[in-house]
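One file, work.cif, is given below (mmCIF, N, CA and C atoms).
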data_final
#
loop_
_atom_site.label_atom_id
_atom_site.label_comp_id
_atom_site.auth_asym_id
_atom_site.auth_seq_id
_atom_site.Cartn_x
_atom_site.Cartn_y
_atom_site.Cartn_z
N MET F 203 -23.67 29.17 47.74
CA MET F 203 -23.19 27.82 47.96
C MET F 203 -24.17 26.78 47.42
N PRO F 204 -25.52 26.93 47.58
CA PRO F 204 -26.42 25.93 47.02
C PRO F 204 -26.30 25.82 45.50
N GLY F 205 -26.06 26.92 44.80
CA GLY F 205 -25.91 26.86 43.35
C GLY F 205 -24.68 26.08 42.95
N ARG F 206 -23.61 26.26 43.74
CA ARG F 206 -22.36 25.55 43.47
C ARG F 206 -22.53 24.04 43.71
N MET F 207 -23.27 23.65 44.74
CA MET F 207 -23.52 22.24 45.05
C MET F 207 -24.32 21.60 43.93
N LEU F 208 -25.32 22.30 43.41
CA LEU F 208 -26.15 21.80 42.32
C LEU F 208 -25.30 21.56 41.08
N THR F 209 -24.37 22.46 40.79
CA THR F 209 -23.50 22.32 39.63
C THR F 209 -22.62 21.08 39.76
N VAL F 210 -22.09 20.82 40.93
CA VAL F 210 -21.25 19.64 41.16
C VAL F 210 -22.07 18.36 40.99
N VAL F 211 -23.28 18.35 41.54
CA VAL F 211 -24.15 17.17 41.43
C VAL F 211 -24.50 16.93 39.97
N LEU F 212 -24.87 17.97 39.23
CA LEU F 212 -25.22 17.81 37.82
C LEU F 212 -24.02 17.32 37.01
N ALA F 213 -22.83 17.81 37.32
CA ALA F 213 -21.63 17.36 36.62
C ALA F 213 -21.38 15.88 36.88
N ALA F 214 -21.59 15.43 38.11
CA ALA F 214 -21.40 14.02 38.45
C ALA F 214 -22.40 13.15 37.71
N VAL F 215 -23.64 13.62 37.63
CA VAL F 215 -24.67 12.87 36.90
C VAL F 215 -24.34 12.82 35.42
N ALA F 216 -23.87 13.91 34.86
CA ALA F 216 -23.52 13.96 33.44
C ALA F 216 -22.40 12.97 33.11
N VAL F 217 -21.47 12.76 34.03
CA VAL F 217 -20.39 11.80 33.82
C VAL F 217 -20.91 10.38 33.98
N ALA F 218 -21.83 10.14 34.90
CA ALA F 218 -22.33 8.79 35.17
C ALA F 218 -23.23 8.26 34.06
N ILE F 219 -24.01 9.11 33.42
CA ILE F 219 -24.95 8.65 32.39
C ILE F 219 -24.23 8.01 31.21
N PRO F 220 -23.22 8.66 30.58
CA PRO F 220 -22.54 7.98 29.47
C PRO F 220 -21.84 6.69 29.91
N ALA F 221 -21.30 6.66 31.12
CA ALA F 221 -20.64 5.44 31.60
C ALA F 221 -21.64 4.31 31.72
N ALA F 222 -22.83 4.59 32.22
CA ALA F 222 -23.86 3.56 32.34
C ALA F 222 -24.32 3.11 30.96
N ALA F 223 -24.47 4.04 30.03
CA ALA F 223 -24.89 3.69 28.68
C ALA F 223 -23.84 2.82 28.00
N THR F 224 -22.56 3.13 28.21
CA THR F 224 -21.49 2.33 27.62
C THR F 224 -21.47 0.93 28.22
N ALA F 225 -21.67 0.83 29.52
CA ALA F 225 -21.69 -0.49 30.17
C ALA F 225 -22.84 -1.32 29.62
N GLY F 226 -24.00 -0.71 29.43
CA GLY F 226 -25.15 -1.43 28.89
C GLY F 226 -24.93 -1.82 27.45
N ALA F 227 -24.27 -0.96 26.68
CA ALA F 227 -24.04 -1.22 25.27
C ALA F 227 -23.00 -2.33 25.08
N ALA F 228 -22.14 -2.53 26.04
CA ALA F 228 -21.09 -3.54 25.91
C ALA F 228 -21.66 -4.95 25.91
N ALA F 229 -22.78 -5.17 26.57
CA ALA F 229 -23.33 -6.52 26.65
C ALA F 229 -24.84 -6.50 26.42
N PRO F 230 -25.26 -6.20 25.17
CA PRO F 230 -26.70 -6.21 24.92
C PRO F 230 -27.23 -7.63 24.95
N PRO F 231 -28.50 -7.81 25.29
CA PRO F 231 -29.05 -9.17 25.29
C PRO F 231 -29.09 -9.71 23.86
N ALA F 232 -28.82 -10.99 23.74
CA ALA F 232 -28.86 -11.61 22.41
C ALA F 232 -30.29 -11.54 21.87
N PRO F 233 -30.44 -11.17 20.60
CA PRO F 233 -31.79 -11.07 20.04
C PRO F 233 -32.47 -12.42 19.89
N VAL F 234 -31.68 -13.50 19.75
CA VAL F 234 -32.24 -14.84 19.56
C VAL F 234 -31.60 -15.79 20.57
N GLN F 235 -32.42 -16.57 21.25
CA GLN F 235 -31.96 -17.56 22.22
C GLN F 235 -32.29 -18.96 21.68
N VAL F 236 -31.37 -19.90 21.87
CA VAL F 236 -31.57 -21.27 21.40
C VAL F 236 -31.40 -22.22 22.58
N GLN F 237 -32.34 -23.14 22.73
CA GLN F 237 -32.25 -24.19 23.74
C GLN F 237 -32.28 -25.54 23.02
N LEU F 238 -31.27 -26.36 23.29
CA LEU F 238 -31.23 -27.71 22.75
C LEU F 238 -31.54 -28.66 23.89
N GLY F 239 -32.59 -29.47 23.73
CA GLY F 239 -33.03 -30.37 24.79
C GLY F 239 -32.18 -31.62 24.90
N GLU F 240 -32.61 -32.51 25.74
CA GLU F 240 -31.94 -33.80 25.92
C GLU F 240 -32.40 -34.76 24.82
N ALA F 241 -31.53 -35.68 24.45
CA ALA F 241 -31.92 -36.72 23.49
C ALA F 241 -32.85 -37.70 24.21
N ARG F 242 -33.95 -38.04 23.55
CA ARG F 242 -34.86 -39.02 24.12
C ARG F 242 -35.26 -40.00 23.02
N CYS F 243 -35.64 -41.18 23.45
CA CYS F 243 -35.99 -42.24 22.51
C CYS F 243 -37.48 -42.15 22.16
N GLN F 244 -37.75 -42.30 20.87
CA GLN F 244 -39.13 -42.24 20.41
C GLN F 244 -39.40 -43.37 19.44
N ASP F 245 -40.63 -43.86 19.46
CA ASP F 245 -41.05 -44.89 18.51
C ASP F 245 -41.73 -44.18 17.33
N MET F 246 -41.08 -44.19 16.19
CA MET F 246 -41.59 -43.52 15.00
C MET F 246 -42.23 -44.51 14.03
N SER F 247 -42.47 -45.74 14.48
CA SER F 247 -43.00 -46.79 13.60
C SER F 247 -44.33 -46.40 12.95
N ALA F 248 -45.25 -45.85 13.72
CA ALA F 248 -46.56 -45.48 13.18
C ALA F 248 -46.42 -44.41 12.10
N MET F 249 -45.55 -43.44 12.33
CA MET F 249 -45.36 -42.37 11.35
C MET F 249 -44.74 -42.91 10.07
N VAL F 250 -43.76 -43.79 10.19
CA VAL F 250 -43.11 -44.37 9.01
C VAL F 250 -44.10 -45.27 8.27
N ALA F 251 -44.95 -46.01 8.99
CA ALA F 251 -45.96 -46.85 8.34
C ALA F 251 -46.96 -45.99 7.56
N ALA F 252 -47.31 -44.84 8.12
CA ALA F 252 -48.27 -43.95 7.45
C ALA F 252 -47.63 -43.21 6.27
N MET F 253 -46.33 -42.96 6.36
CA MET F 253 -45.62 -42.24 5.29
C MET F 253 -44.34 -43.01 4.95
N PRO F 254 -44.44 -44.05 4.13
CA PRO F 254 -43.29 -44.91 3.82
C PRO F 254 -42.08 -44.16 3.25
N MET F 255 -42.31 -43.00 2.64
CA MET F 255 -41.18 -42.26 2.08
C MET F 255 -40.22 -41.76 3.16
N LEU F 256 -40.62 -41.82 4.43
CA LEU F 256 -39.76 -41.42 5.54
C LEU F 256 -38.83 -42.54 6.01
N ALA F 257 -39.03 -43.74 5.52
CA ALA F 257 -38.25 -44.90 5.96
C ALA F 257 -36.73 -44.67 5.91
N PRO F 258 -36.18 -44.04 4.86
CA PRO F 258 -34.72 -43.83 4.85
C PRO F 258 -34.22 -42.95 6.01
N ALA F 259 -35.05 -42.06 6.49
CA ALA F 259 -34.66 -41.18 7.59
C ALA F 259 -34.69 -41.87 8.94
N PHE F 260 -35.42 -43.00 9.02
CA PHE F 260 -35.57 -43.72 10.29
C PHE F 260 -35.20 -45.19 10.08
N PRO F 261 -33.90 -45.52 10.11
CA PRO F 261 -33.49 -46.91 9.84
C PRO F 261 -34.05 -47.91 10.85
N ASP F 262 -34.22 -47.52 12.09
CA ASP F 262 -34.83 -48.38 13.11
C ASP F 262 -35.93 -47.54 13.77
N PRO F 263 -37.08 -47.42 13.12
CA PRO F 263 -38.10 -46.47 13.58
C PRO F 263 -38.60 -46.71 15.01
N ALA F 264 -38.51 -47.93 15.50
CA ALA F 264 -38.99 -48.21 16.86
C ALA F 264 -38.06 -47.61 17.92
N ARG F 265 -36.81 -47.37 17.56
CA ARG F 265 -35.83 -46.82 18.51
C ARG F 265 -35.10 -45.65 17.84
N THR F 266 -35.75 -44.49 17.84
CA THR F 266 -35.19 -43.31 17.20
C THR F 266 -34.87 -42.24 18.23
N PRO F 267 -33.60 -41.83 18.33
CA PRO F 267 -33.27 -40.71 19.20
C PRO F 267 -33.75 -39.39 18.58
N VAL F 268 -34.36 -38.56 19.40
CA VAL F 268 -34.90 -37.27 18.94
C VAL F 268 -34.49 -36.20 19.94
N VAL F 269 -34.17 -35.01 19.42
CA VAL F 269 -33.85 -33.85 20.26
C VAL F 269 -34.78 -32.71 19.88
N GLU F 270 -35.41 -32.14 20.89
CA GLU F 270 -36.25 -30.96 20.69
C GLU F 270 -35.39 -29.71 20.81
N TYR F 271 -35.68 -28.72 19.95
CA TYR F 271 -35.00 -27.44 20.07
C TYR F 271 -36.03 -26.32 20.07
N ARG F 272 -35.68 -25.24 20.78
CA ARG F 272 -36.52 -24.05 20.87
C ARG F 272 -35.69 -22.84 20.49
N ILE F 273 -36.22 -22.03 19.60
CA ILE F 273 -35.54 -20.81 19.18
C ILE F 273 -36.52 -19.67 19.44
N SER F 274 -36.13 -18.74 20.30
CA SER F 274 -37.01 -17.63 20.64
C SER F 274 -36.29 -16.31 20.38
N ALA F 275 -37.08 -15.30 20.05
CA ALA F 275 -36.54 -13.98 19.74
C ALA F 275 -37.06 -12.96 20.74
N GLY F 276 -36.20 -12.01 21.07
CA GLY F 276 -36.57 -10.94 21.98
C GLY F 276 -37.58 -9.99 21.36
N PRO F 277 -38.10 -9.06 22.15
CA PRO F 277 -39.16 -8.17 21.67
C PRO F 277 -38.72 -7.25 20.53
N ASP F 278 -37.45 -6.93 20.43
CA ASP F 278 -36.98 -6.03 19.37
C ASP F 278 -36.08 -6.74 18.36
N ALA F 279 -36.10 -8.06 18.35
CA ALA F 279 -35.21 -8.81 17.47
C ALA F 279 -35.62 -8.63 16.01
N PRO F 280 -34.65 -8.47 15.13
CA PRO F 280 -34.97 -8.44 13.70
C PRO F 280 -35.29 -9.86 13.23
N MET F 281 -35.88 -9.98 12.07
CA MET F 281 -36.14 -11.30 11.49
C MET F 281 -34.78 -11.99 11.32
N THR F 282 -34.63 -13.15 11.95
CA THR F 282 -33.34 -13.85 11.97
C THR F 282 -33.48 -15.23 11.35
N PRO F 283 -32.80 -15.47 10.23
CA PRO F 283 -32.84 -16.81 9.64
C PRO F 283 -31.97 -17.76 10.45
N PHE F 284 -32.31 -19.05 10.42
CA PHE F 284 -31.50 -20.05 11.13
C PHE F 284 -31.48 -21.35 10.36
N GLU F 285 -30.46 -22.16 10.63
CA GLU F 285 -30.35 -23.51 10.09
C GLU F 285 -30.01 -24.45 11.24
N VAL F 286 -30.56 -25.66 11.19
CA VAL F 286 -30.25 -26.70 12.16
C VAL F 286 -29.49 -27.78 11.39
N LYS F 287 -28.27 -28.08 11.88
CA LYS F 287 -27.43 -29.07 11.22
C LYS F 287 -27.12 -30.20 12.19
N VAL F 288 -27.16 -31.43 11.68
CA VAL F 288 -26.78 -32.61 12.44
C VAL F 288 -25.55 -33.19 11.74
N ASN F 289 -24.43 -33.18 12.46
CA ASN F 289 -23.15 -33.61 11.89
C ASN F 289 -22.87 -32.92 10.56
N GLY F 290 -23.18 -31.62 10.50
CA GLY F 290 -22.91 -30.82 9.31
C GLY F 290 -23.97 -30.88 8.22
N GLU F 291 -24.91 -31.81 8.34
CA GLU F 291 -25.96 -31.94 7.33
C GLU F 291 -27.18 -31.12 7.74
N ARG F 292 -27.66 -30.30 6.83
CA ARG F 292 -28.82 -29.45 7.11
C ARG F 292 -30.07 -30.30 7.31
N LYS F 293 -30.68 -30.15 8.50
CA LYS F 293 -31.88 -30.92 8.82
C LYS F 293 -33.11 -30.02 8.97
N GLY F 294 -32.90 -28.72 9.07
CA GLY F 294 -34.03 -27.81 9.20
C GLY F 294 -33.56 -26.39 9.02
N SER F 295 -34.52 -25.51 8.70
CA SER F 295 -34.21 -24.10 8.56
C SER F 295 -35.50 -23.30 8.71
N GLY F 296 -35.34 -22.03 8.90
CA GLY F 296 -36.49 -21.15 9.04
C GLY F 296 -36.02 -19.78 9.47
N SER F 297 -36.93 -19.03 10.05
CA SER F 297 -36.58 -17.72 10.58
C SER F 297 -37.51 -17.41 11.74
N VAL F 298 -37.04 -16.54 12.61
CA VAL F 298 -37.81 -16.13 13.77
C VAL F 298 -37.64 -14.62 13.93
N GLY F 299 -38.72 -13.94 14.24
CA GLY F 299 -38.68 -12.49 14.41
C GLY F 299 -39.11 -12.09 15.80
N ALA F 300 -39.29 -10.80 15.99
CA ALA F 300 -39.63 -10.22 17.30
C ALA F 300 -40.71 -11.01 18.01
N LYS F 301 -40.43 -11.40 19.25
CA LYS F 301 -41.32 -12.16 20.12
C LYS F 301 -41.72 -13.51 19.55
N GLY F 302 -40.98 -14.01 18.57
CA GLY F 302 -41.31 -15.28 17.93
C GLY F 302 -40.76 -16.47 18.68
N LEU F 303 -41.34 -17.63 18.43
CA LEU F 303 -40.90 -18.88 19.05
C LEU F 303 -41.05 -20.00 18.03
N VAL F 304 -39.97 -20.76 17.85
CA VAL F 304 -39.99 -21.94 17.00
C VAL F 304 -39.68 -23.13 17.91
N VAL F 305 -40.55 -24.12 17.90
CA VAL F 305 -40.33 -25.35 18.66
C VAL F 305 -40.42 -26.50 17.66
N SER F 306 -39.35 -27.26 17.58
CA SER F 306 -39.32 -28.37 16.65
C SER F 306 -38.38 -29.44 17.20
N SER F 307 -38.17 -30.48 16.42
CA SER F 307 -37.25 -31.54 16.85
C SER F 307 -36.58 -32.12 15.62
N THR F 308 -35.50 -32.82 15.87
CA THR F 308 -34.78 -33.50 14.79
C THR F 308 -34.32 -34.86 15.30
N SER F 309 -34.27 -35.81 14.40
CA SER F 309 -33.81 -37.14 14.80
C SER F 309 -32.29 -37.20 14.70
N LEU F 310 -31.71 -38.13 15.45
CA LEU F 310 -30.27 -38.33 15.49
C LEU F 310 -29.97 -39.78 15.13
N PRO F 311 -28.77 -40.05 14.65
CA PRO F 311 -28.39 -41.45 14.46
C PRO F 311 -28.21 -42.12 15.82
N ASN F 312 -28.62 -43.36 15.92
CA ASN F 312 -28.54 -44.11 17.17
C ASN F 312 -27.12 -44.62 17.41
N ASN F 313 -26.72 -44.60 18.67
CA ASN F 313 -25.41 -45.13 19.08
C ASN F 313 -24.24 -44.50 18.33
N THR F 314 -24.35 -43.23 18.04
CA THR F 314 -23.31 -42.51 17.30
C THR F 314 -23.10 -41.14 17.93
N ARG F 315 -21.84 -40.76 18.10
CA ARG F 315 -21.55 -39.41 18.60
C ARG F 315 -22.01 -38.41 17.54
N THR F 316 -22.89 -37.51 17.94
CA THR F 316 -23.56 -36.61 17.00
C THR F 316 -23.55 -35.18 17.52
N THR F 317 -23.27 -34.23 16.63
CA THR F 317 -23.28 -32.83 17.01
C THR F 317 -24.40 -32.10 16.29
N ILE F 318 -25.19 -31.38 17.08
CA ILE F 318 -26.23 -30.50 16.53
C ILE F 318 -25.70 -29.08 16.63
N GLN F 319 -25.88 -28.34 15.55
CA GLN F 319 -25.46 -26.95 15.53
C GLN F 319 -26.58 -26.11 14.94
N VAL F 320 -26.90 -25.01 15.61
CA VAL F 320 -27.88 -24.05 15.10
C VAL F 320 -27.11 -22.79 14.74
N THR F 321 -27.25 -22.37 13.48
CA THR F 321 -26.52 -21.21 13.00
C THR F 321 -27.45 -20.17 12.39
N SER F 322 -26.95 -18.96 12.30
CA SER F 322 -27.61 -17.88 11.56
C SER F 322 -26.51 -17.23 10.74
N GLY F 323 -26.50 -17.51 9.46
CA GLY F 323 -25.40 -17.05 8.61
C GLY F 323 -24.12 -17.71 9.09
N ASP F 324 -23.10 -16.91 9.37
CA ASP F 324 -21.81 -17.43 9.85
C ASP F 324 -21.77 -17.55 11.37
N GLN F 325 -22.81 -17.09 12.05
CA GLN F 325 -22.81 -17.09 13.52
C GLN F 325 -23.40 -18.38 14.07
N VAL F 326 -22.67 -19.01 15.00
CA VAL F 326 -23.16 -20.21 15.68
C VAL F 326 -23.99 -19.75 16.88
N LEU F 327 -25.27 -20.10 16.88
CA LEU F 327 -26.16 -19.73 17.98
C LEU F 327 -26.12 -20.74 19.11
N ALA F 328 -25.93 -22.02 18.77
CA ALA F 328 -25.85 -23.08 19.78
C ALA F 328 -25.24 -24.32 19.16
N THR F 329 -24.55 -25.08 19.99
CA THR F 329 -24.00 -26.36 19.54
C THR F 329 -23.97 -27.30 20.73
N ARG F 330 -24.22 -28.57 20.46
CA ARG F 330 -24.21 -29.57 21.52
C ARG F 330 -23.94 -30.94 20.91
N THR F 331 -23.18 -31.75 21.64
CA THR F 331 -22.85 -33.09 21.17
C THR F 331 -23.59 -34.13 22.01
N TYR F 332 -24.14 -35.13 21.34
CA TYR F 332 -24.92 -36.20 21.97
C TYR F 332 -24.33 -37.55 21.55
N THR F 333 -24.55 -38.55 22.37
CA THR F 333 -24.31 -39.94 22.00
C THR F 333 -25.51 -40.73 22.48
N PRO F 334 -26.62 -40.68 21.73
CA PRO F 334 -27.84 -41.34 22.16
C PRO F 334 -27.77 -42.85 22.01
N ALA F 335 -28.43 -43.54 22.92
CA ALA F 335 -28.50 -45.00 22.87
C ALA F 335 -29.94 -45.42 23.15
N CYS F 336 -30.66 -45.71 22.08
CA CYS F 336 -32.07 -46.12 22.22
C CYS F 336 -32.21 -47.61 21.95
#

Please rewrite the model in this file as structure tokens.
Amino acid sequence: MPGRMLTVVLAAVAVAIPAAATAGAAAPPAPVQVQLGEARCQDMSAMVAAMPMLAPAFPDPARTPVVEYRISAGPDAPMTPFEVKVNGERKGSGSVGAKGLVVSSTSLPNNTRTTIQVTSGDQVLATRTYTPAC
């Protein structure tokens, strides 16, 4: 009887292991996580004064809406390219790999409904719409 009980227990375990593996495989953690922060007002006057070629990017440098973004990769993530777009216009790009972290920011047009989208190839990693008022 003890041998028969062991066989039943082993059979139950053998059935449970593939089911658990399938459940885990159905929802793997995303290799790259994106966080889009809140829009905040920044005075970019000093930067524009130091680098006049930036003036077209900051029409009212004293009142510039800026959003910080963070892109982090898991421990086993492959090198993942990304693009940051503001209303469809490419504002930044790069790549992040295993255990990597990219922290940057982008300016937004003031008093305008604006959408930021972070993509990797055809995949949308994050999107958010803002209407900043600085």

Subject >> Picked residues, the PyMOL selection byres ((chain F and resi 289) around 6), expected as an MDAnalysis selection string >> reply: chainID F and resid 287:288 290:291 316:319

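What separates atom CA of Val326 of chain F from atom N of Pro283 of chain F is a distance of 12.0 Å.
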
Original post:
What do you get, as an MDAnalysis selection string, if you spell out every residue that the PyMOL selection byres (((chain F and resi 275 and name CA) around 10) and name CA) selects here?
Top reply: chainID F and resid 232:236 273:274 276:282 297:304

Original post:
Applied to the shown file, which residues does the PyMOL selection byres ((chain F and resi 313) around 6) return, written as a ChimeraX atom specification?
Top reply: /F:311-312,314-315,333-336

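If you look at atom C of Pro267 of chain F and atom N of Gln237 of chain F, they are 16.8 Å away from each other.
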
**OP:** Could you give me, as a PyMOL selection string, the residues within 6 Å of Tyr271 of chain F, counting only N, CA and C atoms and dropping anything in the same chain fewer than 4 positions from it?
**Re:** chain F and resi 237-239+304-308

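Reported to one decimal place, the separation of atom CA of Thr329 of chain F from atom CA of Ser247 of chain F is 28.5 Å.
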
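Restricting the calculation to only C-alpha atoms, the smallest distance between Ala259 of chain F and any of F:Ser322, F:Glu240, F:Lys293, F:Thr331 is found for F:Lys293.
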
**OP:** List every residue of segment 234-331 of chain F that DSSP, applied to the backbone of this structure, assigns to helix (DSSP H, G or I), and report them as a PyMOL selection string.
**Re:** chain F and resi 247-252+254-259

Within 10 Å of Gln325 of chain F using only C-alpha atoms, minus same-chain residues under 4 positions, as a CSV table (one decimal) with N, CA and C atoms, in the frame of the given file:
chain,number,residue,atom,x,y,z
F,284,PHE,N,-32.3,-19.0,10.4
F,284,PHE,CA,-31.5,-20.0,11.1
F,284,PHE,C,-31.5,-21.4,10.4
F,320,VAL,N,-26.9,-25.0,15.6
F,320,VAL,CA,-27.9,-24.0,15.1
F,320,VAL,C,-27.1,-22.8,14.7
F,321,THR,N,-27.2,-22.4,13.5
F,321,THR,CA,-26.5,-21.2,13.0
F,321,THR,C,-27.4,-20.2,12.4

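In terms of minimum interatomic distance to Pro263 of chain F, F:Ala251 ranks closest within F:Leu327, F:Ala251, F:Ala241, F:Val286, counting only C-alpha atoms.
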
Completion of segment 279-288 of chain F up to all heavy atoms, as a PDB file, in the frame of the given file:
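Result saved to rebuild.pdb:
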ATOM      1  N   ALA F 279     -36.100  -8.060  18.350  1.00  0.00           N
ATOM      2  CA  ALA F 279     -35.210  -8.810  17.470  1.00  0.00           C
ATOM      3  C   ALA F 279     -35.620  -8.630  16.010  1.00  0.00           C
ATOM      4  O   ALA F 279     -36.812  -8.658  15.685  1.00  0.00           O
ATOM      5  CB  ALA F 279     -35.240 -10.290  17.830  1.00  0.00           C
ATOM      6  N   PRO F 280     -34.650  -8.470  15.130  1.00  0.00           N
ATOM      7  CA  PRO F 280     -34.970  -8.440  13.700  1.00  0.00           C
ATOM      8  C   PRO F 280     -35.290  -9.860  13.230  1.00  0.00           C
ATOM      9  O   PRO F 280     -35.004 -10.824  13.931  1.00  0.00           O
ATOM     10  CB  PRO F 280     -33.656  -7.946  13.074  1.00  0.00           C
ATOM     11  CG  PRO F 280     -32.599  -8.405  14.024  1.00  0.00           C
ATOM     12  CD  PRO F 280     -33.218  -8.333  15.397  1.00  0.00           C
ATOM     13  N   MET F 281     -35.880  -9.980  12.070  1.00  0.00           N
ATOM     14  CA  MET F 281     -36.140 -11.300  11.490  1.00  0.00           C
ATOM     15  C   MET F 281     -34.780 -11.990  11.320  1.00  0.00           C
ATOM     16  O   MET F 281     -33.878 -11.451  10.688  1.00  0.00           O
ATOM     17  CB  MET F 281     -36.846 -11.172  10.135  1.00  0.00           C
ATOM     18  CG  MET F 281     -37.330 -12.490   9.589  1.00  0.00           C
ATOM     19  SD  MET F 281     -38.476 -13.371  10.662  1.00  0.00           S
ATOM     20  CE  MET F 281     -39.969 -12.471  10.426  1.00  0.00           C
ATOM     21  N   THR F 282     -34.630 -13.150  11.950  1.00  0.00           N
ATOM     22  CA  THR F 282     -33.340 -13.850  11.970  1.00  0.00           C
ATOM     23  C   THR F 282     -33.480 -15.230  11.350  1.00  0.00           C
ATOM     24  O   THR F 282     -34.214 -16.069  11.862  1.00  0.00           O
ATOM     25  CB  THR F 282     -32.863 -13.987  13.440  1.00  0.00           C
ATOM     26  OG1 THR F 282     -32.801 -12.694  14.035  1.00  0.00           O
ATOM     27  CG2 THR F 282     -31.498 -14.648  13.500  1.00  0.00           C
ATOM     28  N   PRO F 283     -32.800 -15.470  10.230  1.00  0.00           N
ATOM     29  CA  PRO F 283     -32.840 -16.810   9.640  1.00  0.00           C
ATOM     30  C   PRO F 283     -31.970 -17.760  10.450  1.00  0.00           C
ATOM     31  O   PRO F 283     -31.025 -17.342  11.114  1.00  0.00           O
ATOM     32  CB  PRO F 283     -32.234 -16.591   8.240  1.00  0.00           C
ATOM     33  CG  PRO F 283     -31.340 -15.413   8.409  1.00  0.00           C
ATOM     34  CD  PRO F 283     -31.970 -14.546   9.476  1.00  0.00           C
ATOM     35  N   PHE F 284     -32.310 -19.050  10.420  1.00  0.00           N
ATOM     36  CA  PHE F 284     -31.500 -20.050  11.130  1.00  0.00           C
ATOM     37  C   PHE F 284     -31.480 -21.350  10.360  1.00  0.00           C
ATOM     38  O   PHE F 284     -32.357 -21.611   9.529  1.00  0.00           O
ATOM     39  CB  PHE F 284     -32.005 -20.286  12.559  1.00  0.00           C
ATOM     40  CG  PHE F 284     -33.369 -20.915  12.619  1.00  0.00           C
ATOM     41  CD1 PHE F 284     -33.531 -22.292  12.562  1.00  0.00           C
ATOM     42  CD2 PHE F 284     -34.505 -20.130  12.720  1.00  0.00           C
ATOM     43  CE1 PHE F 284     -34.790 -22.874  12.603  1.00  0.00           C
ATOM     44  CE2 PHE F 284     -35.769 -20.691  12.769  1.00  0.00           C
ATOM     45  CZ  PHE F 284     -35.916 -22.063  12.708  1.00  0.00           C
ATOM     46  N   GLU F 285     -30.460 -22.160  10.630  1.00  0.00           N
ATOM     47  CA  GLU F 285     -30.350 -23.510  10.090  1.00  0.00           C
ATOM     48  C   GLU F 285     -30.010 -24.450  11.240  1.00  0.00           C
ATOM     49  O   GLU F 285     -29.271 -24.075  12.145  1.00  0.00           O
ATOM     50  CB  GLU F 285     -29.217 -23.622   9.063  1.00  0.00           C
ATOM     51  CG  GLU F 285     -29.547 -23.124   7.705  1.00  0.00           C
ATOM     52  CD  GLU F 285     -28.471 -23.510   6.688  1.00  0.00           C
ATOM     53  OE1 GLU F 285     -27.271 -23.546   7.046  1.00  0.00           O
ATOM     54  OE2 GLU F 285     -28.848 -23.781   5.545  1.00  0.00           O
ATOM     55  N   VAL F 286     -30.560 -25.660  11.190  1.00  0.00           N
ATOM     56  CA  VAL F 286     -30.250 -26.700  12.160  1.00  0.00           C
ATOM     57  C   VAL F 286     -29.490 -27.780  11.390  1.00  0.00           C
ATOM     58  O   VAL F 286     -29.978 -28.301  10.388  1.00  0.00           O
ATOM     59  CB  VAL F 286     -31.528 -27.284  12.789  1.00  0.00           C
ATOM     60  CG1 VAL F 286     -31.186 -28.409  13.744  1.00  0.00           C
ATOM     61  CG2 VAL F 286     -32.322 -26.192  13.482  1.00  0.00           C
ATOM     62  N   LYS F 287     -28.270 -28.080  11.880  1.00  0.00           N
ATOM     63  CA  LYS F 287     -27.430 -29.070  11.220  1.00  0.00           C
ATOM     64  C   LYS F 287     -27.120 -30.200  12.190  1.00  0.00           C
ATOM     65  O   LYS F 287     -26.865 -29.968  13.366  1.00  0.00           O
ATOM     66  CB  LYS F 287     -26.123 -28.438  10.759  1.00  0.00           C
ATOM     67  CG  LYS F 287     -26.316 -27.343   9.732  1.00  0.00           C
ATOM     68  CD  LYS F 287     -25.005 -26.682   9.392  1.00  0.00           C
ATOM     69  CE  LYS F 287     -25.227 -25.527   8.442  1.00  0.00           C
ATOM     70  NZ  LYS F 287     -23.981 -24.801   8.181  1.00  0.00           N
ATOM     71  N   VAL F 288     -27.160 -31.430  11.680  1.00  0.00           N
ATOM     72  CA  VAL F 288     -26.780 -32.610  12.440  1.00  0.00           C
ATOM     73  C   VAL F 288     -25.550 -33.190  11.740  1.00  0.00           C
ATOM     74  O   VAL F 288     -25.632 -33.574  10.578  1.00  0.00           O
ATOM     75  CB  VAL F 288     -27.930 -33.638  12.493  1.00  0.00           C
ATOM     76  CG1 VAL F 288     -27.475 -34.912  13.194  1.00  0.00           C
ATOM     77  CG2 VAL F 288     -29.153 -33.050  13.186  1.00  0.00           C
TER      78      VAL F 288
END
